[in-house]
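Q: Structure file structure.csv, CSV, C-alpha atoms, is pasted below:
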```csv
chain,number,residue,atom,x,y,z
A,240,MET,CA,28.7,-8.5,43.3
A,241,GLY,CA,28.1,-5.0,44.8
A,242,LYS,CA,25.5,-2.5,43.8
A,243,THR,CA,28.0,-0.4,41.8
A,244,ALA,CA,29.0,-3.4,39.8
A,245,VAL,CA,25.4,-4.4,39.1
A,246,LYS,CA,24.6,-0.9,38.1
A,247,GLY,CA,27.6,-0.8,35.8
A,248,LEU,CA,26.7,-4.1,34.2
A,249,PHE,CA,23.1,-3.0,33.6
A,250,HIS,CA,24.4,0.3,32.1
A,251,LEU,CA,26.6,-1.7,29.7
A,252,ILE,CA,23.7,-4.0,28.7
A,253,LEU,CA,21.6,-0.9,27.9
A,254,ILE,CA,24.4,0.6,25.7
A,255,ALA,CA,24.9,-2.8,24.0
A,256,THR,CA,21.1,-3.1,23.3
A,257,THR,CA,21.1,0.5,22.0
A,258,PHE,CA,23.9,-0.3,19.5
A,259,ALA,CA,22.2,-3.6,18.5
A,260,LEU,CA,18.9,-1.8,17.8
A,261,ALA,CA,20.8,0.8,15.8
A,262,VAL,CA,22.7,-1.7,13.7
A,263,VAL,CA,19.5,-3.7,12.9
A,264,THR,CA,17.6,-0.6,12.0
A,265,ILE,CA,20.4,0.6,9.7
A,266,ILE,CA,20.5,-2.8,8.0
A,267,ALA,CA,16.7,-2.8,7.6
A,268,SER,CA,17.0,0.6,5.8
A,269,ARG,CA,18.5,-1.4,2.8
A,270,SER,CA,15.9,-4.1,2.8
A,271,GLY,CA,14.1,-2.8,-0.4
A,272,HIS,CA,17.3,-3.1,-2.4
A,273,TYR,CA,17.4,-6.9,-2.1
A,274,HIS,CA,15.3,-9.2,-4.2
A,275,PRO,CA,13.5,-11.5,-1.7
A,276,GLU,CA,14.5,-14.6,-3.7
A,277,HIS,CA,18.1,-13.8,-2.8
A,278,SER,CA,17.6,-13.0,0.9
A,279,THR,CA,15.5,-14.5,3.6
A,280,ILE,CA,16.2,-12.0,6.4
A,281,MET,CA,16.0,-8.7,4.5
A,282,PRO,CA,12.3,-8.9,3.6
A,283,LEU,CA,11.5,-9.7,7.2
A,284,LEU,CA,13.6,-6.8,8.4
A,285,GLY,CA,11.7,-4.6,5.9
A,286,LEU,CA,8.4,-5.6,7.5
A,287,ALA,CA,9.8,-4.6,10.9
A,288,VAL,CA,10.9,-1.1,9.9
A,289,PRO,CA,7.9,0.8,11.4
A,290,VAL,CA,8.5,-0.9,14.8
A,291,LEU,CA,12.2,-0.4,14.6
A,292,LEU,CA,11.8,3.3,13.9
A,293,VAL,CA,9.4,3.8,16.8
A,294,SER,CA,11.8,1.8,19.1
A,295,CYS,CA,14.7,4.0,18.0
A,296,LEU,CA,12.8,7.1,18.9
A,297,ILE,CA,11.7,5.8,22.3
A,298,VAL,CA,15.3,4.7,23.1
A,299,ALA,CA,16.7,8.1,21.9
A,300,LEU,CA,14.2,9.9,24.1
A,301,CYS,CA,15.1,7.8,27.1
A,302,TRP,CA,18.8,8.5,26.7
A,303,ALA,CA,18.1,12.2,26.0
A,304,LEU,CA,16.1,12.5,29.3
A,305,ALA,CA,19.1,10.9,31.0
A,306,ARG,CA,21.3,13.5,29.2
A,307,ARG,CA,23.5,10.8,27.7
A,308,LYS,CA,25.1,11.0,24.3
A,309,TRP,CA,23.9,7.5,23.4
A,310,ALA,CA,20.7,9.1,22.2
A,311,PHE,CA,22.5,10.0,19.0
A,312,VAL,CA,23.1,6.3,18.2
A,313,THR,CA,19.5,5.4,17.6
A,314,LEU,CA,18.7,8.9,16.1
A,315,THR,CA,21.4,8.2,13.5
A,316,ALA,CA,19.8,4.9,12.7
A,317,PHE,CA,16.4,6.5,12.5
A,318,PHE,CA,17.5,9.0,9.9
A,319,PHE,CA,19.3,6.2,8.0
A,320,ASN,CA,15.8,5.3,7.0
A,321,TRP,CA,15.2,8.6,5.2
A,322,GLU,CA,13.9,6.9,2.1
A,323,TYR,CA,11.1,5.3,4.2
A,324,LEU,CA,10.4,8.4,6.2
A,325,THR,CA,9.9,10.6,3.1
A,326,ALA,CA,7.5,7.9,1.8
A,327,VAL,CA,5.1,8.3,4.8
A,328,ILE,CA,5.7,11.9,5.9
A,329,ARG,CA,5.7,15.0,3.6
A,330,PHE,CA,5.9,18.5,4.9
A,331,GLY,CA,4.4,21.6,3.3
A,332,SER,CA,1.0,22.7,2.1
A,333,PRO,CA,-1.1,20.8,-0.5
A,334,HIS,CA,-0.8,21.9,-4.1
A,335,GLU,CA,-3.3,24.4,-5.4
A,336,VAL,CA,-5.5,22.5,-7.9
A,337,PRO,CA,-7.5,24.7,-10.2
A,338,ALA,CA,-11.3,24.5,-9.6
A,339,THR,CA,-11.8,23.4,-13.2
A,340,ALA,CA,-9.6,20.4,-12.5
A,341,THR,CA,-12.0,18.9,-10.0
A,342,ALA,CA,-15.3,20.2,-11.3
A,343,PRO,CA,-17.4,17.8,-13.4
A,344,ASN,CA,-16.6,18.3,-17.1
A,345,ARG,CA,-19.2,18.6,-19.7
A,346,GLN,CA,-19.2,15.6,-22.1
A,347,GLY,CA,-16.5,16.0,-24.7
A,348,GLU,CA,-14.4,18.4,-22.7
A,349,ASN,CA,-11.1,17.7,-20.8
A,350,SER,CA,-9.5,19.9,-18.2
A,351,GLY,CA,-6.1,18.4,-18.6
A,352,TYR,CA,-6.5,16.8,-15.1
A,353,LEU,CA,-7.6,13.3,-14.2
A,354,THR,CA,-8.6,12.2,-10.7
A,355,VAL,CA,-8.3,8.5,-9.9
A,356,ALA,CA,-9.1,6.5,-6.8
A,357,THR,CA,-7.8,3.1,-5.8
A,358,TYR,CA,-9.6,1.1,-3.1
A,359,ASN,CA,-9.6,-2.4,-1.7
A,360,VAL,CA,-13.2,-2.6,-0.8
A,361,HIS,CA,-13.1,-6.1,0.7
A,362,ASN,CA,-16.2,-7.3,-1.3
A,363,PHE,CA,-18.1,-4.3,0.1
A,364,GLY,CA,-18.4,-6.2,3.4
A,365,ASN,CA,-20.7,-8.7,1.7
A,366,GLU,CA,-23.6,-6.4,2.8
A,367,ILE,CA,-27.0,-7.5,1.6
A,368,THR,CA,-28.2,-3.9,1.1
A,369,GLY,CA,-25.1,-2.6,-0.7
A,370,TYR,CA,-24.9,0.3,1.8
A,371,SER,CA,-21.1,0.6,1.6
A,372,CYS,CA,-21.1,0.5,-2.1
A,373,LYS,CA,-23.6,3.3,-2.3
A,374,GLN,CA,-21.8,5.4,0.2
A,375,ILE,CA,-18.5,4.9,-1.6
A,376,ALA,CA,-20.1,6.0,-4.9
A,377,LYS,CA,-21.6,9.1,-3.2
A,378,TYR,CA,-18.2,10.0,-1.6
A,379,MET,CA,-16.3,9.5,-4.9
A,380,GLN,CA,-18.8,11.7,-6.8
A,381,GLN,CA,-18.3,14.4,-4.2
A,382,GLN,CA,-14.5,14.1,-4.7
A,383,HIS,CA,-15.1,14.4,-8.5
A,384,VAL,CA,-13.3,11.1,-9.1
A,385,ASP,CA,-13.0,10.2,-12.8
A,386,VAL,CA,-11.7,6.7,-12.6
A,387,LEU,CA,-12.3,4.1,-9.8
A,388,CYS,CA,-9.9,1.2,-9.4
A,389,PHE,CA,-11.3,-1.5,-7.1
A,390,GLN,CA,-9.6,-4.5,-5.5
A,391,GLU,CA,-11.6,-7.4,-4.0
A,392,PHE,CA,-14.5,-6.2,-6.0
A,393,GLY,CA,-17.2,-8.9,-5.3
A,394,GLU,CA,-20.9,-9.3,-5.5
A,395,ASN,CA,-23.2,-11.6,-3.4
A,396,LYS,CA,-26.5,-13.2,-4.0
A,397,HIS,CA,-28.3,-10.3,-2.3
A,398,PHE,CA,-26.4,-7.4,-3.9
A,399,THR,CA,-25.6,-8.7,-7.4
A,400,ALA,CA,-23.3,-7.5,-10.2
A,401,ASP,CA,-26.3,-5.6,-11.7
A,402,SER,CA,-26.9,-3.8,-8.4
A,403,LEU,CA,-23.2,-2.9,-8.2
A,404,ARG,CA,-23.3,-1.4,-11.7
A,405,ARG,CA,-26.4,0.6,-10.9
A,406,ALA,CA,-24.8,2.0,-7.7
A,407,LEU,CA,-21.7,3.0,-9.7
A,408,SER,CA,-23.6,4.2,-12.8
A,409,HIS,CA,-22.0,7.6,-12.6
A,410,TRP,CA,-18.9,5.9,-14.1
A,411,GLN,CA,-20.5,4.7,-17.4
A,412,TYR,CA,-17.5,2.7,-18.6
A,413,ALA,CA,-16.4,-0.4,-16.8
A,414,ILE,CA,-14.1,-3.4,-17.1
A,415,ILE,CA,-15.0,-6.3,-14.9
A,416,PRO,CA,-13.4,-9.7,-15.5
A,417,ALA,CA,-15.8,-12.4,-16.6
A,418,ASP,CA,-16.7,-15.1,-14.0
A,419,ASP,CA,-14.8,-17.8,-15.8
A,420,SER,CA,-11.6,-15.8,-15.8
A,421,ILE,CA,-11.7,-15.0,-12.0
A,422,ARG,CA,-12.5,-18.4,-10.6
A,423,GLY,CA,-10.2,-18.7,-7.6
A,424,ILE,CA,-9.0,-15.2,-8.0
A,425,LEU,CA,-9.7,-12.1,-5.9
A,426,PRO,CA,-11.6,-10.0,-8.4
A,427,ILE,CA,-10.7,-6.4,-9.4
A,428,ALA,CA,-12.5,-3.9,-11.6
A,429,VAL,CA,-12.1,-0.4,-13.1
A,430,PHE,CA,-15.0,2.1,-13.6
A,431,SER,CA,-14.5,5.3,-15.5
A,432,ARG,CA,-16.2,8.5,-16.8
A,433,TYR,CA,-13.9,8.2,-19.9
A,434,PRO,CA,-13.8,5.4,-22.4
A,435,LEU,CA,-11.6,2.4,-21.5
A,436,ILE,CA,-10.0,0.2,-24.2
A,437,GLY,CA,-7.6,-2.7,-24.4
A,438,GLY,CA,-8.7,-4.3,-21.1
A,439,ARG,CA,-6.3,-7.1,-20.2
A,440,PHE,CA,-6.7,-9.3,-17.1
A,441,ILE,CA,-3.3,-10.5,-15.6
A,442,THR,CA,-3.1,-13.5,-13.3
A,443,TYR,CA,0.0,-14.8,-11.5
A,444,PRO,CA,1.2,-18.4,-10.9
A,445,HIS,CA,0.3,-19.9,-7.5
A,446,SER,CA,-1.5,-16.8,-6.4
A,447,ALA,CA,-5.1,-15.7,-6.0
A,448,ASN,CA,-4.0,-12.1,-6.7
A,449,CYS,CA,-4.1,-10.3,-10.0
A,450,SER,CA,-3.7,-7.1,-12.1
A,451,MET,CA,-5.6,-5.4,-14.8
A,452,LEU,CA,-4.3,-3.2,-17.7
A,453,CYS,CA,-6.4,-0.8,-19.8
A,454,ASP,CA,-6.1,2.5,-21.6
A,455,ILE,CA,-8.1,5.6,-20.6
A,456,ILE,CA,-9.0,7.6,-23.7
A,457,LEU,CA,-9.0,11.4,-23.0
A,458,ASN,CA,-9.9,12.9,-26.4
A,459,THR,CA,-6.5,13.2,-28.0
A,460,ASP,CA,-4.6,11.8,-25.0
A,461,THR,CA,-4.2,8.3,-23.7
A,462,ILE,CA,-3.1,7.1,-20.3
A,463,ARG,CA,-2.3,3.5,-19.6
A,464,LEU,CA,-3.7,2.3,-16.2
A,465,LEU,CA,-2.4,-0.7,-14.3
A,466,ASN,CA,-4.8,-1.7,-11.4
A,467,ASN,CA,-3.1,-4.2,-9.0
A,468,HIS,CA,-3.7,-6.4,-6.1
A,469,LEU,CA,-0.5,-8.1,-5.2
A,470,GLN,CA,0.2,-11.2,-3.1
A,471,THR,CA,-1.1,-10.9,0.4
A,472,THR,CA,1.1,-11.4,3.5
A,473,SER,CA,-1.3,-14.0,4.8
A,474,VAL,CA,-0.8,-12.5,8.3
A,475,SER,CA,-4.6,-11.9,8.8
A,476,GLN,CA,-5.4,-15.4,7.7
A,477,ASN,CA,-2.9,-17.1,10.0
A,478,ARG,CA,-2.7,-14.6,12.9
A,479,LYS,CA,-5.0,-16.5,15.3
A,480,LYS,CA,-3.3,-19.8,14.6
A,481,TRP,CA,0.2,-18.4,15.3
A,482,GLU,CA,-1.1,-16.6,18.4
A,483,ARG,CA,-2.5,-19.9,19.8
A,484,GLU,CA,0.8,-21.7,19.2
A,485,LEU,CA,2.8,-18.9,20.7
A,486,ALA,CA,0.6,-18.9,23.8
A,487,ALA,CA,0.9,-22.6,24.2
A,488,ASP,CA,3.2,-23.7,27.1
A,489,ASN,CA,5.2,-25.7,24.6
A,490,THR,CA,8.6,-24.6,23.4
A,491,ARG,CA,8.5,-26.8,20.3
A,492,ARG,CA,5.1,-25.4,19.2
A,493,GLU,CA,6.3,-21.9,19.8
A,494,ALA,CA,9.4,-22.5,17.7
A,495,GLN,CA,7.3,-24.1,15.0
A,496,ALA,CA,4.9,-21.1,14.9
A,497,VAL,CA,7.8,-18.7,14.5
A,498,GLN,CA,9.3,-20.8,11.7
A,499,ASP,CA,6.0,-21.1,10.0
A,500,ALA,CA,5.3,-17.4,10.1
A,501,ALA,CA,8.8,-16.5,8.8
A,502,GLU,CA,8.5,-19.0,5.9
A,503,THR,CA,5.0,-17.8,5.0
A,504,LEU,CA,6.1,-14.1,5.0
A,505,HIS,CA,9.2,-14.9,2.9
A,506,GLU,CA,7.3,-17.0,0.4
A,507,ASN,CA,4.7,-14.3,-0.1
A,508,SER,CA,7.3,-11.6,-0.4
A,509,VAL,CA,9.0,-13.6,-3.2
A,510,LYS,CA,5.7,-13.9,-5.0
A,511,ARG,CA,5.1,-10.1,-4.7
A,512,ALA,CA,8.6,-9.5,-6.0
A,513,PHE,CA,8.0,-11.4,-9.2
A,514,GLN,CA,4.6,-9.9,-9.6
A,515,THR,CA,6.2,-6.5,-9.2
A,516,ASP,CA,8.8,-7.3,-11.9
A,517,SER,CA,6.0,-8.2,-14.3
A,518,ILE,CA,4.2,-4.9,-13.6
A,519,CYS,CA,7.4,-2.9,-14.2
A,520,GLN,CA,8.0,-4.6,-17.5
A,521,LEU,CA,4.4,-3.7,-18.6
A,522,ALA,CA,4.9,-0.1,-17.5
A,523,THR,CA,8.3,0.2,-19.2
A,524,ALA,CA,6.9,-1.2,-22.5
A,525,SER,CA,3.9,1.2,-22.5
A,526,PRO,CA,3.7,3.6,-25.4
A,527,HIS,CA,1.6,5.9,-23.2
A,528,PRO,CA,2.1,7.6,-19.9
A,529,VAL,CA,1.3,5.2,-17.1
A,530,LEU,CA,-0.6,5.1,-13.8
A,531,VAL,CA,0.2,2.1,-11.6
A,532,CYS,CA,-2.0,1.9,-8.5
A,533,GLY,CA,-3.7,-0.6,-6.1
A,534,ASP,CA,-3.2,-2.7,-3.0
A,535,PHE,CA,0.5,-3.8,-3.1
A,536,ASN,CA,0.6,-5.4,0.4
A,537,SER,CA,4.1,-3.9,0.7
A,538,LEU,CA,5.6,-1.2,2.9
A,539,PRO,CA,7.8,1.6,1.5
A,540,SER,CA,10.8,-0.4,2.9
A,541,SER,CA,10.0,-3.3,0.5
A,542,TYR,CA,11.5,-4.5,-2.8
A,543,THR,CA,8.2,-3.8,-4.4
A,544,TYR,CA,8.2,-0.1,-3.5
A,545,HIS,CA,11.9,0.3,-4.4
A,546,ARG,CA,11.5,-1.4,-7.8
A,547,LEU,CA,8.5,0.6,-8.8
A,548,SER,CA,10.2,3.8,-7.7
A,549,GLU,CA,13.1,3.2,-10.1
A,550,SER,CA,11.1,4.2,-13.2
A,551,LEU,CA,7.9,5.7,-11.7
A,552,LYS,CA,7.1,8.5,-9.3
A,553,ASP,CA,5.3,8.0,-6.0
A,554,GLY,CA,2.3,10.2,-6.2
A,555,PHE,CA,2.5,11.0,-2.5
A,556,LYS,CA,6.0,12.2,-2.8
A,557,THR,CA,5.1,14.5,-5.7
A,558,GLY,CA,1.6,15.6,-4.8
A,559,GLY,CA,0.9,14.7,-1.2
A,560,HIS,CA,1.5,16.2,2.3
A,561,GLY,CA,1.2,15.2,5.9
A,562,TYR,CA,1.3,11.6,7.3
A,563,MET,CA,0.3,8.8,5.0
A,564,TYR,CA,-1.0,5.3,6.0
A,565,THR,CA,-3.6,3.3,4.2
A,566,TYR,CA,-4.2,0.2,6.3
A,567,ARG,CA,-6.7,1.0,9.0
A,568,TYR,CA,-5.4,-1.4,11.6
A,569,GLY,CA,-1.8,-2.1,12.8
A,570,LYS,CA,-1.8,1.2,14.8
A,571,ARG,CA,-2.2,3.1,11.5
A,572,MET,CA,1.5,2.6,10.8
A,573,LEU,CA,1.2,0.8,7.5
A,574,ARG,CA,1.2,2.3,4.1
A,575,ILE,CA,0.5,-0.5,1.6
A,576,ASP,CA,-1.7,1.1,-1.1
A,577,TYR,CA,-0.1,3.3,-3.6
A,578,ALA,CA,-0.4,5.3,-6.8
A,579,PHE,CA,2.7,5.7,-9.0
A,580,HIS,CA,2.9,7.7,-12.2
A,581,SER,CA,5.2,8.3,-15.2
A,582,PRO,CA,7.6,11.2,-14.9
A,583,GLU,CA,5.8,13.0,-17.7
A,584,LEU,CA,2.6,13.2,-15.6
A,585,GLU,CA,2.4,15.7,-12.7
A,586,CYS,CA,0.6,14.7,-9.5
A,587,THR,CA,-1.2,17.7,-8.1
A,588,ASP,CA,-3.0,16.1,-5.2
A,589,TYR,CA,-2.8,12.9,-3.2
A,590,TYR,CA,-4.6,11.9,-0.1
A,591,SER,CA,-6.1,8.9,1.7
A,592,PRO,CA,-9.3,9.7,3.5
A,593,ASN,CA,-10.3,7.7,6.6
A,594,LEU,CA,-13.5,6.0,5.5
A,595,ASP,CA,-15.0,3.7,8.1
A,596,LEU,CA,-17.1,1.5,5.8
A,597,CYS,CA,-16.6,-2.0,4.6
A,598,SER,CA,-12.8,-2.4,4.4
A,599,ASP,CA,-9.7,-2.6,6.5
A,600,HIS,CA,-8.1,-0.3,3.9
A,601,ASN,CA,-8.6,3.4,3.2
A,602,PRO,CA,-8.9,4.5,-0.4
A,603,VAL,CA,-6.1,6.5,-2.1
A,604,ILE,CA,-7.3,9.5,-4.3
A,605,PHE,CA,-4.9,11.4,-6.5
A,606,THR,CA,-5.1,13.9,-9.3
A,607,VAL,CA,-2.6,14.1,-12.2
A,608,LYS,CA,-2.1,16.7,-14.8
A,609,TYR,CA,-1.4,15.2,-18.2
```
Can the structure from this file be put into structure tokens for me?

A:
Amino acid sequence: MGKTAVKGLFHLILIATTFALAVVTIIASRSGHYHPEHSTIMPLLGLAVPVLLVSCLIVALCWALARRKWAFVTLTAFFFNWEYLTAVIRFGSPHEVPATATAPNRQGENSGYLTVATYNVHNFGNEITGYSCKQIAKYMQQQHVDVLCFQEFGENKHFTADSLRRALSHWQYAIIPADDSIRGILPIAVFSRYPLIGGRFITYPHSANCSMLCDIILNTDTIRLLNNHLQTTSVSQNRKKWERELAADNTRREAQAVQDAAETLHENSVKRAFQTDSICQLATASPHPVLVCGDFNSLPSSYTYHRLSESLKDGFKTGGHGYMYTYRYGKRMLRIDYAFHSPELECTDYYSPNLDLCSDHNPVIFTVKY
């Protein structure tokens, strides 16, 4: 085979690969519209969306530099994921929030604005001095946060529950599940400057994850809050095991690792889907405006995000700007913590500060006008 023939074959392979990437990326753009119980491949494609989008841009750039029209193939696929793109990138300036909205209120007064933070604190790093907890409390006070929603809220024998309460005493009202109700469960908690009533702890079958429902009393107004920590992907727990098996010079072990990873990811996505359905039912049944926030362990390409967006507004889309990610690793490409709100509430600010403390998550802080 001559050089011209080899060059032509290589060119055809590149074009075929470009089209294959584009087709997979376009299919992945619909992943959130399928319940994971009814599809094995779509949830996995949804997890791959960030990598697929970056790959599409790289391929489009290479074709553009070569001045070839094939650049438009992957660019088209890229923009097919507009729903995902607008959930992680928002243009424009931040909303102007009145100074009275963020300034501390005198007791008995309401500004008509409520600032809430959600944060997976990873048991505050199990620090014996409680340094991270104290720093988080200080930062949240500076941001004039009214309500704190924690996931993986845990004490240790050195920094006990009483120490946690003292560090977070600025928020005088709190709902923390009793020890007997969280045995085997990753604990969550809510702290508030306003009274909390109707606290309800919600567990899920065959899962260490949970949710919490309560009502925030704002003088004559009431807002229902759902604090959530949905089923984990189990990637962090199994990553080293899968890496060892993939690195082994054994085709059978490699195939087993791939199969195990795919089955684990799919099983957990099914659990998250049913947990999401439960949350949506609670939100729909609420007699009050609703805030739904927490660590959802789901990308904007997921069924979880799509399902919640059917009846609630993504606070980032209504009140945020810039680029949004909440998981500190994974090349900062993953947005898995959210705050949704009822349409009758107006989100006026939404951001996720990069706090290098105890967790692999960043907090999400948002303000709503009620």

Q: Extract, using all atoms listed in the file, all DNA, RNA and protein residues at most 6 Å from region 443-448 of chain A, discarding same-chain residues fewer than 6 positions from it, and format them as a ChimeraX atom specification.

A: /A:424-425,468-470

Q: Can you list, as a list in words, every protein, DNA or RNA residue that comes within 7 Å of Pro434 (chain A) when you count all atoms listed in the file, leaving out same-chain residues fewer than 6 positions away?

A: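 The contact residues come out as Tyr412, Ile455 and Ile456 of chain A.
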
Q: Find the residues around Lys377 (chain A) up to 12 Å (only C-alpha atoms counted), leave out those fewer than 3 positions away in its own chain, and share them as a list of chain:residue names.

A: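 Final neighbour list, sorted by chain and number: A:Tyr370, A:Ser371, A:Cys372, A:Lys373, A:Gln374, A:Gln380, A:Gln381, A:Gln382, A:His383, A:Val384, A:Ala406, A:Leu407, A:Ser408, A:His409, A:Trp410.
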
Q: Select, from A:Ser540, A:Thr565, A:Asn362, A:Thr471, the residue with the minimum atom-to-atom distance to Ser508 (chain A), counting only C-alpha atoms.

A: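 Ranked by minimum distance to Ser508 (chain A), first place goes to A:Thr471.
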
Q: CA of Ile575 (chain A) and CA of Asn359 (chain A), how far apart in Å?

A: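 If I compute the distance from CA of Asn359 (chain A) to CA of Ile575 (chain A), I get 10.8 Å.
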
Q: Which polymer residues have any atom within 8 Å of an atom of Gly364 (chain A), counting all atoms listed in the file, with same-chain residues fewer than 3 positions away left out, as a list in words?

A: Val360, His361, Ser371, Cys597 and Ser598 of chain A

Q: Expressed in Å to a single decimal, how great is the separation between CA of Ala326 (chain A) and CA of Ser581 (chain A)?

A: 17.2 Å

Q: What residues have an atom no more than 6 Å from (-4.8, -0.6, -4.4) in the file's own frame, counting all atoms listed in the file, and can you write them as a list in words?

A: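 Returned residue set, sorted by chain then number, is Thr357, Tyr358, Asn359, Cys532, Gly533, Asp534 and Asp576 of chain A.
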
Q: Would you please work out which residue, of A:Thr313, A:His250, A:Glu549, A:Leu286, is nearest to Met572 (chain A) when using all atoms listed in the file?

A: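 Answer, going by the shortest atom-to-atom distance: A:Leu286.
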
Q: Have a look at CA of Asn466 (chain A) and CA of Asp516 (chain A) and let me know their distance in Å, one decimal.

A: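 Computing the Euclidean distance for CA of Asn466 (chain A) and CA of Asp516 (chain A) yields 14.7 Å.
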
Q: Residues at most 10 Å from region 280-284 of chain A, counting all atoms listed in the file, excluding those fewer than 5 positions away in the same chain, as a list in words?

A: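 Residues meeting the cut-off are Val263, Thr264, Ile266, Ala267, Ser268, Arg269, Ser270, Gly271, His272, Tyr273, His274, Pro275, Pro289, Leu291, Ala501, Glu502, Leu504, His505, Ser508, Val509, Ser540, Ser541 and Tyr542 of chain A.
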
Q: Which of these residues is nearest to Ile604 (chain A), using only C-alpha atoms: A:Phe440, A:Tyr544, A:Tyr378, A:Tyr433?

A: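 Nearest to Ile604 (chain A): A:Tyr378.
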
Q: A:Phe330, A:Phe317, A:Phe363, A:Phe513: which is nearest Glu276 (chain A), counting all atoms listed in the file?

A: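 With all atoms listed in the file as the atom set, the closest residue is A:Phe513.
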
Q: Measuring atom to atom with all atoms listed in the file, identify which of A:Ala303, A:Leu551, A:Ala522, A:Ile265 is nearest to Phe318 (chain A).

A: A:Ile265

Q: I need the residue nearest Leu253 (chain A) from this list: A:Arg307, A:Arg404, A:Arg567, A:Arg432. Use all atoms listed in the file for the distance.

A: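 Going through A:Arg307, A:Arg404, A:Arg567, A:Arg432 one by one, the smallest distance to Leu253 (chain A) is for A:Arg307.
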